[in-house]
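Notes for the one structure printed next.
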Amino acid sequence: MATILTGGNPHIIQLPKTPPNTPSDPRTIAQQWLSTLSAQLSHPATLNIADIFHTDSWWRDMLALDWDMRTVHTAPQIAEFLRQHQSKAQLCGFRLQDQGQFQPRLEQVVSGLSWVSSMFFFKSAVGTGTGMLRLTQGADGVWRAYAVYTSLQELEDAREPLGKFRAEGTTESMPGGLAGGTWTERRDRQRE
């Protein structure tokens, strides 16, 4: 494993050392991993992530699994965190980013370490979210997560009025018409 000192902090992070062979299709690798994660999350009581996470791995969650921001370190701790929160959070409907900068790709991070990186999308019991995954290949050839990030982006029942969800028209043609009040009055009610 490669070792780096993090910005003068008093701890050392052990980075996995990856085999020198380059994968032929990062998209297939990422999709297989995400499908396996989805299958595991569909049965949180019997969750077994040992085959898809390195022992020394990280999961950063921002409101997707718990109404808090947490960083969980090591596969056993991640498994426990998922067992505690997945039944209520119900993360599902995972989908890889299919175009642009954050679609699955192979990145050479440092000498001796490369990973497949991709953004993904998911649904939960309360809304939708995005995530990021970084997969490294172990000495056994299996691709496992080194780092996963999840973030709740939008609440289903409280959509932000943007794009197609934004009310159109003038004060007279908006729902409630003139009786609904001026723009300022409507805005004040929304803030309340």
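In the structure tokens, each chain is lettered A, B, ... as it comes, each chain's residues begin at 1, and ligands are numbered from 1 in order of appearance.
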Contacts of segment 50-111 of chain A with segment 126-130 of chain A up to 9 Å, shortest pair per row, only C-alpha atoms, as JSON lines:
{"residue": "A:Ala64", "atom": "CA", "partner": "A:Gly129", "partner_atom": "CA", "distance": 7.0}
{"residue": "A:Ala89", "atom": "CA", "partner": "A:Val126", "partner_atom": "CA", "distance": 7.5}
{"residue": "A:Gln90", "atom": "CA", "partner": "A:Val126", "partner_atom": "CA", "distance": 8.7}
{"residue": "A:Leu91", "atom": "CA", "partner": "A:Thr128", "partner_atom": "CA", "distance": 8.9}
Could you name the residues that touch segment 68-82 of chain A at 7 Å or less, counting only C-alpha atoms, but leaving out those on the same chain fewer than 2 positions away, as JSON, numbers by chain?
{"A": [44, 47, 49, 50, 53, 54, 55, 56, 57, 58, 59, 60, 61, 62, 63, 66, 84, 85, 86]}
Using only C-alpha atoms, pick whichever of A:Leu65, A:Leu152, A:Ala45, A:Leu113 has the shortest atom-to-atom distance to Thr136 of chain A.
A:Leu113
Check chain A with DSSP on the backbone and list each residue it calls helix (DSSP H, G or I), as a JSON list (two decimals) with C-alpha atoms, in the first residue's frame.
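File produced: part.json:
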[["chain", "number", "residue", "atom", "x", "y", "z"],
["A", 26, "PRO", "CA", -14.41, 1.33, -16.74],
["A", 27, "ARG", "CA", -18.17, 1.61, -17.44],
["A", 28, "THR", "CA", -18.70, -2.15, -17.15],
["A", 29, "ILE", "CA", -16.62, -2.30, -13.96],
["A", 30, "ALA", "CA", -18.55, 0.57, -12.36],
["A", 31, "GLN", "CA", -21.94, -0.78, -13.46],
["A", 32, "GLN", "CA", -21.23, -4.27, -12.11],
["A", 33, "TRP", "CA", -20.12, -2.82, -8.79],
["A", 34, "LEU", "CA", -23.15, -0.50, -8.54],
["A", 35, "SER", "CA", -25.52, -3.38, -9.37],
["A", 36, "THR", "CA", -23.93, -5.50, -6.65],
["A", 37, "LEU", "CA", -24.26, -2.65, -4.14],
["A", 38, "SER", "CA", -27.92, -2.22, -5.09],
["A", 39, "ALA", "CA", -28.57, -5.94, -4.59],
["A", 40, "GLN", "CA", -26.85, -5.83, -1.19],
["A", 41, "LEU", "CA", -28.84, -2.78, -0.08],
["A", 44, "PRO", "CA", -30.01, -4.62, 4.71],
["A", 45, "ALA", "CA", -30.48, -7.18, 7.49],
["A", 46, "THR", "CA", -28.21, -9.68, 5.72],
["A", 75, "ALA", "CA", -15.71, -1.97, 5.73],
["A", 76, "PRO", "CA", -17.09, -3.36, 9.02],
["A", 77, "GLN", "CA", -18.10, 0.14, 10.16],
["A", 78, "ILE", "CA", -19.65, 0.90, 6.75],
["A", 79, "ALA", "CA", -21.63, -2.35, 6.89],
["A", 80, "GLU", "CA", -22.93, -1.48, 10.36],
["A", 81, "PHE", "CA", -23.84, 2.06, 9.26],
["A", 82, "LEU", "CA", -25.75, 0.69, 6.26],
["A", 83, "ARG", "CA", -27.54, -1.93, 8.39],
["A", 84, "GLN", "CA", -28.66, 0.79, 10.80],
["A", 85, "HIS", "CA", -29.93, 3.26, 8.22],
["A", 86, "GLN", "CA", -30.80, 1.54, 4.91],
["A", 87, "SER", "CA", -34.17, 0.16, 6.07],
["A", 88, "LYS", "CA", -35.42, 3.70, 6.63],
["A", 89, "ALA", "CA", -33.46, 5.51, 3.88],
["A", 163, "GLY", "CA", -37.06, 24.73, -14.42],
["A", 164, "LYS", "CA", -40.30, 22.89, -15.22],
["A", 165, "PHE", "CA", -41.36, 23.11, -11.55],
["A", 177, "GLY", "CA", -54.95, 34.62, -9.50],
["A", 178, "LEU", "CA", -55.02, 38.11, -8.03],
["A", 179, "ALA", "CA", -56.45, 36.74, -4.79],
["A", 180, "GLY", "CA", -53.17, 34.84, -4.33],
["A", 183, "TRP", "CA", -45.14, 38.19, -6.03],
["A", 184, "THR", "CA", -43.71, 39.56, -2.77],
["A", 185, "GLU", "CA", -46.68, 38.29, -0.75],
["A", 186, "ARG", "CA", -46.43, 34.84, -2.35],
["A", 187, "ARG", "CA", -42.68, 34.75, -1.71],
["A", 188, "ASP", "CA", -43.17, 35.70, 1.94],
["A", 189, "ARG", "CA", -45.65, 32.81, 2.33],
["A", 190, "GLN", "CA", -43.15, 30.39, 0.77],
["A", 191, "ARG", "CA", -40.43, 31.45, 3.18]]
Compile the contact shell of segment 92-102 of chain A as a PyMOL selection string: residues with an atom at most 6 Å away, counting only C-alpha atoms, same-chain residues fewer than 2 positions apart removed.
chain A and resi 118-123
I need the residues of segment 16-185 of chain A that end up classed as strand (DSSP E) by DSSP on the backbone, written out as JSON, numbers by chain.
{"A": [53, 54, 55, 56, 57, 58, 59, 60, 61, 62, 69, 70, 71, 72, 73, 92, 93, 94, 95, 96, 105, 106, 107, 108, 109, 110, 113, 114, 115, 116, 117, 118, 119, 120, 121, 122, 123, 127, 128, 129, 130, 131, 132, 133, 134, 135, 136, 137, 143, 144, 145, 146, 147, 148, 149, 150, 151, 152, 153, 154, 155]}
Contacts of Leu106 of chain A at 8 Å (only C-alpha atoms; same-chain gap of 5+ positions) as a list of chain:residue names:
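Result of the neighbour search: A:Pro23, A:Pro26, A:Ser114, A:Trp115, A:Val116, A:Ser117.
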Point-to-point distance in Å for atom CA of Gly131 of chain A and atom CA of Pro161 of chain A
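Going from atom CA of Pro161 of chain A over to atom CA of Gly131 of chain A covers 22.8 Å.
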Go through A:Ala139, A:Met174, A:Met132, A:Ala125 one by one, measure the shortest atom-to-atom distance of each to Leu155 of chain A using only C-alpha atoms, and give the residue with the smallest value.
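Closest residue, counting only C-alpha atoms: A:Ala125.
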